[in-house]
Structures are given as structure tokens and as C-alpha cells.
Amino acid sequence: MSLSGSPVSIDTAMAARLLPMKELIGALRAAFVDGCVVPARHHHTITVPGEADATLLLMPSWQEKRDGESFLGVKLVNVFPGNAAKGLPGLTSSYLLFDSGTGAHLATIDGNVITTRRTAAVSALAASFLSRENATRLFVVGAGRVASLIPDAYRTVRAIAEVRVWDINPENAAGLATQLCREGLDARPETDLEAGTRWADIVSCATLATTPLIRGSWLQPGVHVDLIGAFTPDMRESDGEAIARSDVFVDADEAFHEAGDLVQPIRSGAFRQEDCRARLRDLCSGAAAGRTDPAQVTLFKAVGTALSDLAAGTLAYKLYRDTSAQ
Ligand SMILES: NC(=O)c1ccc[n+]([C@@H]2O[C@H](COP(=O)([O-])OP(=O)(O)OC[C@H]3O[C@@H](n4cnc5c(N)ncnc54)[C@H](O)[C@@H]3O)[C@@H](O)[C@H]2O)c1
């Protein structure tokens, strides 16, 4: 709670400042080890006359009350596809944080910032176990909100020396590469997906692709592939050969039911859930090994979990409180 006793409001710019990648990756690692209650997310369809249906998505999670502080959070995401025609953002999101011992409302935080930053941070956390320790070349596939944060997240866990960026729209790739250069990275756009994939130590995709971008035949020994995009069974960023050639890891079991990258090979019999090497929580706790061989091809598929939102929301709130108290 703020010093005045009412919930604090953490806007876009403040939320980004309160979620530095190093601290966020550390908080996520601890949260995956500790665990929390994550019920199924709720999808509600909202009829908008004369437009495509909208969706209200609710993602709750909470820590059981324990000694010291404990937290409960809900992310609300409104997806209004008809907004595009009106020049309005199609997605609006807020994160509400509460005390899980009393229910007291502690903070309202920009939900988009929570989502994009925790997503890039979760991928970097996974890569800290799965990519080669000497990985320096990062290929970013996509140039949207999440993709733009991937280099910052990855350079927290690996000594990234060069970044290449591909996007379905080459102007977006060039724009992101310019922005990354301004952030002090050696970055350039790449127009050839295959060349970028063959060049990279780490390939990280954050797109809306519905057909495979990354081909298994392009994967070099020792590469780590990170798939953030596909979140429905009809979407995918990799082909069946990429899954077959890789040791597969996931952030949460929902990936087997939601992500086309895994759902489609499971349906065809080419991949089984039991083939998955480990969940992120087991990598974080040390219960499962990550990369064991420099030549191994590893692949991490994330669909996102409310546990990550709670870890990020709690970190932003605590850092806000600590800086306000000074
Ligand atoms: N795993 C998670 O936890 C998690 C969290 C947030 C977002 N996401 C997913 O990550 C992806 C990117 O999210 P964002 O917020 O950066 O979106 P965004 O709209 O900002 O960016 C989307 C990117 O995809 C590209 N793109 C669009 N259509 C494409 C196609 N057919 N083929 C290849 N590229 C295409 C766009 O050019 C852009 O670079 C989305 O699929 C989103 O659902 C996943």
C-alpha cells in the first residue's frame, strides 16, 4: 500500500523503470522455484455490435499466505479487434496486485509492460540454462513489442556481441536494429531467415506467424531456439523437423495444448508430451538439467503463465515502495 494507504498506480514509463531485466530475471527464477496457485485463465467473449467479438481475458494467481508478505494478482486483458479500424490499440491490459493475506488492494500496474518485460525475461531465464555459455550471436525474429526487449533480456544472461533482426516487414526490422544500436548493441537487419538462423547461437522468435518460420534443416549444432509467439493450435513459428531435431523444454504444460509448434506434432504423432525434457520450474530448482552438450540443439516454447505476471507485479510494487520510502 502507498504511504497514504491507497493503492499505488504504476503507469507505463514507471513500470518499465521498476522492472529492470537483471532483477526481473532473478525474481522470476525465485518464483518458478517457489511456485504459486495458478488457476485456469478465464476467456469471456464480448459482443460488439457491427464488429468482431471482443475478448476479456482474466489471469489470476496467488501465493498462499505465509510468514511475511504474500501476494495475489490478476491480469485483465481486453482484446478488441475492431479497434484497429478506428486507429485505437486493440489490446488494453491492467495488472491488479493485492495482499493475499488480507485482500487489500496494493497496486494497479500497466499490464502491457508486465507482459512484454516478463515474457522477454522468461525467455532469457530459460536461455541461461539452455543456450551455450559462450553464445554471443542473437537472431531476433520479429520486431514488435516483445521482440524489441529480447536483446536487453538476453544480454543479462549471455555476453551478446551481435544481434540480427528479421521481420516480415523489412522496414520494422531496420527500425528495431537502429533502436538497438542506440541502446549500445551491434545490431543490423537481416532479410534472409535461413542465413540468420544458420549464423546464430540463439534464435528468438516473437511473431504472429501462423506458418513455420524456422526450419529444422537450418539448425546448426549447439543452437538454442526460443519460441514466444504461437499461442493457439493454428499458429506456429517452427516446423516439425525443428521440434524433432531439438531437445524441447516448456514454460508450462499449457504449451502442449495451446501452441501449434507442439500441438501439431503431437496430433501427427511426431512428438509426445513425455518427450519434453523439462519444465522451466525444474530447470530453476535444479531438478532437471538444461544443456548438457555444446552440440545439443535446444528449443524452449513459452505460452506465458500468470506466475510470471505475479513475480513481475510484485517486483515492481516492492521496488516502488522501496524507492518511495527513501
Ligand atoms: N509466450 C508469452 O508469454 C507471450 C507473451 C506476450 C506475447 N506473446 C506473443 O508474442 C507474439 C508477439 O507479441 P507482441 O506483443 O510483440 O506483438 P506485436 O504485434 O508488437 O508484434 C508482432 C510481430 O509479429 C510480426 N508478424 C505479424 N504477422 C506475422 C506473420 N504472419 N509472420 C511473421 N511475422 C509476423 C509483426 O511484424 C511483428 O514483428 C504474439 O504472438 C504474442 O501473442 C507471447
# chains A, B, ... in the order shown; residues from 1 in each chain; ligands from 1

$ residues_around --residues "range 70-85 of chain A" --least-positions-apart "5" --cutoff "10 Å" --atoms "only C-alpha atoms" --output "PyMOL selection string"
chain A and resi 36-37+41-48+50-65+90-112+114-115+306-307+309-311+313-314

$ residues_near_ligand --ligand "ligand 1" --cutoff "7 Å" --atoms "only C-alpha atoms and all ligand atoms" --output "list in words"
Thr115, Thr116, Thr119, Gly142, Ala143, Gly144, Arg145, Val146, Ala147, Asp167, Ile168, Asn169, Asn172, Ala206, Thr207, Leu208, Ala209, Thr210, Ile228, Gly229, Ala230, Phe231, Ala302, Val303, Gly304 and Thr305 of chain A

$ residues_around --residues "Leu280 in chain A" --least-positions-apart "4" --cutoff "12 Å" --atoms "only C-alpha atoms" --output "number ranges by chain"
A: 28-33, 35, 122-130, 248-253, 255, 276, 284-290, 299-305, 307-308

$ write_last_selection --atoms "C-alpha atoms" --output "short mmCIF file (atom, residue, chain, number, x, y, z; two decimals), in the first residue's frame"
data_model
loop_
_atom_site.label_atom_id
_atom_site.label_comp_id
_atom_site.auth_asym_id
_atom_site.auth_seq_id
_atom_site.Cartn_x
_atom_site.Cartn_y
_atom_site.Cartn_z
CA LEU A 28 11.22 -14.97 -11.99
CA ARG A 29 13.77 -17.63 -11.17
CA ALA A 30 12.81 -17.50 -7.48
CA ALA A 31 9.09 -17.53 -8.36
CA PHE A 32 9.41 -20.62 -10.57
CA VAL A 33 11.12 -22.42 -7.67
CA GLY A 35 5.54 -21.84 -7.21
CA VAL A 122 11.35 -15.65 -19.01
CA SER A 123 12.98 -16.46 -22.34
CA ALA A 124 16.33 -15.16 -21.14
CA LEU A 125 15.93 -17.10 -17.90
CA ALA A 126 15.35 -20.29 -19.90
CA ALA A 127 18.32 -19.46 -22.13
CA SER A 128 20.53 -19.15 -19.04
CA PHE A 129 20.08 -22.93 -18.68
CA LEU A 130 19.71 -23.90 -22.33
CA VAL A 248 12.31 -29.46 -26.14
CA PHE A 249 11.64 -27.51 -22.92
CA VAL A 250 8.48 -25.53 -21.96
CA ASP A 251 7.50 -22.81 -19.51
CA ALA A 252 4.24 -24.56 -18.52
CA ASP A 253 2.20 -27.60 -19.53
CA ALA A 255 2.21 -25.25 -24.15
CA CYS A 276 9.66 -32.84 -23.32
CA CYS A 284 15.20 -23.27 -11.98
CA SER A 285 15.09 -25.64 -9.00
CA GLY A 286 17.88 -27.82 -10.33
CA ALA A 287 15.58 -30.86 -10.51
CA ALA A 288 16.29 -31.16 -14.25
CA ALA A 289 19.39 -30.49 -16.31
CA GLY A 290 19.42 -27.87 -19.03
CA LEU A 299 14.25 -25.41 -28.00
CA PHE A 300 12.16 -23.53 -25.45
CA LYS A 301 8.45 -22.98 -26.09
CA ALA A 302 6.67 -20.45 -23.88
CA VAL A 303 2.97 -19.64 -23.77
CA GLY A 304 3.10 -17.48 -20.66
CA THR A 305 1.87 -18.13 -17.15
CA LEU A 307 3.06 -16.97 -12.16
CA SER A 308 5.37 -14.73 -14.22
#

$ select_by_dssp --residues "range 250-304 of chain A" --states "strand (DSSP E or B)" --output "list in words"
Val250, Ala278, Arg279, Thr298, Leu299, Phe300 and Lys301 of chain A

$ atom_distance --atom1 "CA of Glu237 in chain A" --atom2 "CA of Ala259 in chain A"
9.6 Å

$ residues_around --residues "Pro221 in chain A" --least-positions-apart "6" --cutoff "9 Å" --atoms "only C-alpha atoms" --output "VMD selection string"
chain A and resid 294 to 297

$ atom_distance --atom1 "CA of Asp293 in chain A" --atom2 "CA of Gly240 in chain A"
22.4 Å

$ residues_around --residues "Trp199 in chain A" --least-positions-apart "2" --cutoff "10 Å" --atoms "only C-alpha atoms" --output "list in words"
Arg137, Leu138, Phe139, Arg164, Leu193, Glu194, Ala195, Gly196, Thr197, Asp201, Ile202, Val203, Trp218, Leu219, Gln220 and Val223 of chain A

$ select_by_dssp --residues "range 222-296 of chain A" --states "alpha helix (DSSP H)" --output "ChimeraX atom specification"
/A:240-245,255-258,260-268,280-285

$ write_last_selection --atoms "N, CA and C atoms" --output "PDB file, in the first residue's frame"
ATOM      1  N   GLY A 240       8.041 -29.114 -38.149  1.00  0.00           N
ATOM      2  CA  GLY A 240       8.115 -30.378 -37.406  1.00  0.00           C
ATOM      3  C   GLY A 240       9.550 -30.860 -37.249  1.00  0.00           C
ATOM      4  N   GLU A 241      10.376 -30.574 -38.257  1.00  0.00           N
ATOM      5  CA  GLU A 241      11.771 -31.042 -38.173  1.00  0.00           C
ATOM      6  C   GLU A 241      12.531 -30.299 -37.060  1.00  0.00           C
ATOM      7  N   ALA A 242      12.183 -29.021 -36.873  1.00  0.00           N
ATOM      8  CA  ALA A 242      12.841 -28.266 -35.785  1.00  0.00           C
ATOM      9  C   ALA A 242      12.520 -28.905 -34.437  1.00  0.00           C
ATOM     10  N   ILE A 243      11.270 -29.304 -34.259  1.00  0.00           N
ATOM     11  CA  ILE A 243      10.884 -29.954 -32.991  1.00  0.00           C
ATOM     12  C   ILE A 243      11.577 -31.316 -32.890  1.00  0.00           C
ATOM     13  N   ALA A 244      11.592 -32.060 -33.992  1.00  0.00           N
ATOM     14  CA  ALA A 244      12.180 -33.406 -33.967  1.00  0.00           C
ATOM     15  C   ALA A 244      13.682 -33.356 -33.696  1.00  0.00           C
ATOM     16  N   ARG A 245      14.362 -32.323 -34.179  1.00  0.00           N
ATOM     17  CA  ARG A 245      15.827 -32.256 -34.022  1.00  0.00           C
ATOM     18  C   ARG A 245      16.257 -31.682 -32.684  1.00  0.00           C
ATOM     19  N   ALA A 255       1.560 -25.296 -22.834  1.00  0.00           N
ATOM     20  CA  ALA A 255       2.206 -25.253 -24.152  1.00  0.00           C
ATOM     21  C   ALA A 255       1.815 -26.464 -25.010  1.00  0.00           C
ATOM     22  N   PHE A 256       1.569 -27.611 -24.349  1.00  0.00           N
ATOM     23  CA  PHE A 256       1.224 -28.826 -25.104  1.00  0.00           C
ATOM     24  C   PHE A 256      -0.184 -28.759 -25.690  1.00  0.00           C
ATOM     25  N   HIS A 257      -1.023 -27.868 -25.141  1.00  0.00           N
ATOM     26  CA  HIS A 257      -2.422 -27.793 -25.568  1.00  0.00           C
ATOM     27  C   HIS A 257      -2.718 -26.530 -26.372  1.00  0.00           C
ATOM     28  N   GLU A 258      -1.859 -25.520 -26.232  1.00  0.00           N
ATOM     29  CA  GLU A 258      -2.168 -24.213 -26.823  1.00  0.00           C
ATOM     30  C   GLU A 258      -1.301 -23.863 -28.030  1.00  0.00           C
ATOM     31  N   GLY A 260       0.688 -24.246 -31.426  1.00  0.00           N
ATOM     32  CA  GLY A 260       0.737 -25.064 -32.635  1.00  0.00           C
ATOM     33  C   GLY A 260       2.084 -25.735 -32.848  1.00  0.00           C
ATOM     34  N   ASP A 261       3.165 -25.098 -32.384  1.00  0.00           N
ATOM     35  CA  ASP A 261       4.501 -25.689 -32.538  1.00  0.00           C
ATOM     36  C   ASP A 261       4.566 -27.083 -31.917  1.00  0.00           C
ATOM     37  N   LEU A 262       3.804 -27.287 -30.829  1.00  0.00           N
ATOM     38  CA  LEU A 262       3.789 -28.599 -30.170  1.00  0.00           C
ATOM     39  C   LEU A 262       2.493 -29.351 -30.443  1.00  0.00           C
ATOM     40  N   VAL A 263       1.354 -28.624 -30.485  1.00  0.00           N
ATOM     41  CA  VAL A 263       0.053 -29.294 -30.691  1.00  0.00           C
ATOM     42  C   VAL A 263       0.071 -30.057 -32.024  1.00  0.00           C
ATOM     43  N   GLN A 264       0.583 -29.447 -33.069  1.00  0.00           N
ATOM     44  CA  GLN A 264       0.519 -30.100 -34.390  1.00  0.00           C
ATOM     45  C   GLN A 264       1.404 -31.351 -34.452  1.00  0.00           C
ATOM     46  N   PRO A 265       2.673 -31.304 -33.966  1.00  0.00           N
ATOM     47  CA  PRO A 265       3.453 -32.558 -33.939  1.00  0.00           C
ATOM     48  C   PRO A 265       2.865 -33.595 -32.985  1.00  0.00           C
ATOM     49  N   ILE A 266       2.197 -33.161 -31.911  1.00  0.00           N
ATOM     50  CA  ILE A 266       1.562 -34.133 -31.004  1.00  0.00           C
ATOM     51  C   ILE A 266       0.417 -34.824 -31.753  1.00  0.00           C
ATOM     52  N   ARG A 267      -0.372 -34.017 -32.483  1.00  0.00           N
ATOM     53  CA  ARG A 267      -1.510 -34.602 -33.234  1.00  0.00           C
ATOM     54  C   ARG A 267      -1.032 -35.599 -34.282  1.00  0.00           C
ATOM     55  N   SER A 268       0.078 -35.295 -34.931  1.00  0.00           N
ATOM     56  CA  SER A 268       0.553 -36.179 -36.009  1.00  0.00           C
ATOM     57  C   SER A 268       1.330 -37.370 -35.460  1.00  0.00           C
ATOM     58  N   LEU A 280      10.261 -25.240 -17.040  1.00  0.00           N
ATOM     59  CA  LEU A 280      11.166 -24.205 -16.546  1.00  0.00           C
ATOM     60  C   LEU A 280      11.342 -24.305 -15.027  1.00  0.00           C
ATOM     61  N   ARG A 281      10.265 -24.666 -14.310  1.00  0.00           N
ATOM     62  CA  ARG A 281      10.397 -24.739 -12.842  1.00  0.00           C
ATOM     63  C   ARG A 281      11.464 -25.758 -12.445  1.00  0.00           C
ATOM     64  N   ASP A 282      11.576 -26.858 -13.207  1.00  0.00           N
ATOM     65  CA  ASP A 282      12.565 -27.886 -12.861  1.00  0.00           C
ATOM     66  C   ASP A 282      13.980 -27.441 -13.213  1.00  0.00           C
ATOM     67  N   LEU A 283      14.099 -26.623 -14.263  1.00  0.00           N
ATOM     68  CA  LEU A 283      15.419 -26.057 -14.575  1.00  0.00           C
ATOM     69  C   LEU A 283      15.833 -25.106 -13.454  1.00  0.00           C
ATOM     70  N   CYS A 284      14.883 -24.272 -13.000  1.00  0.00           N
ATOM     71  CA  CYS A 284      15.197 -23.265 -11.977  1.00  0.00           C
ATOM     72  C   CYS A 284      15.542 -23.919 -10.639  1.00  0.00           C
ATOM     73  N   SER A 285      14.854 -25.003 -10.305  1.00  0.00           N
ATOM     74  CA  SER A 285      15.088 -25.637  -8.997  1.00  0.00           C
ATOM     75  C   SER A 285      16.292 -26.565  -9.034  1.00  0.00           C
TER      76      SER A 285
END

$ residues_around --residues "Asp239 in chain A" --least-positions-apart "6" --cutoff "9 Å" --atoms "only C-alpha atoms" --output "ChimeraX atom specification"
/A:211-216,261,265

$ atom_distance --atom1 "CA of Ile10 in chain A" --atom2 "CA of Ala325 in chain A"
15.6 Å

$ residues_around --residues "range 176-190 of chain A" --least-positions-apart "2" --cutoff "6 Å" --atoms "only C-alpha atoms" --output "VMD selection string"
chain A and resid 162 to 166 173 to 174 192
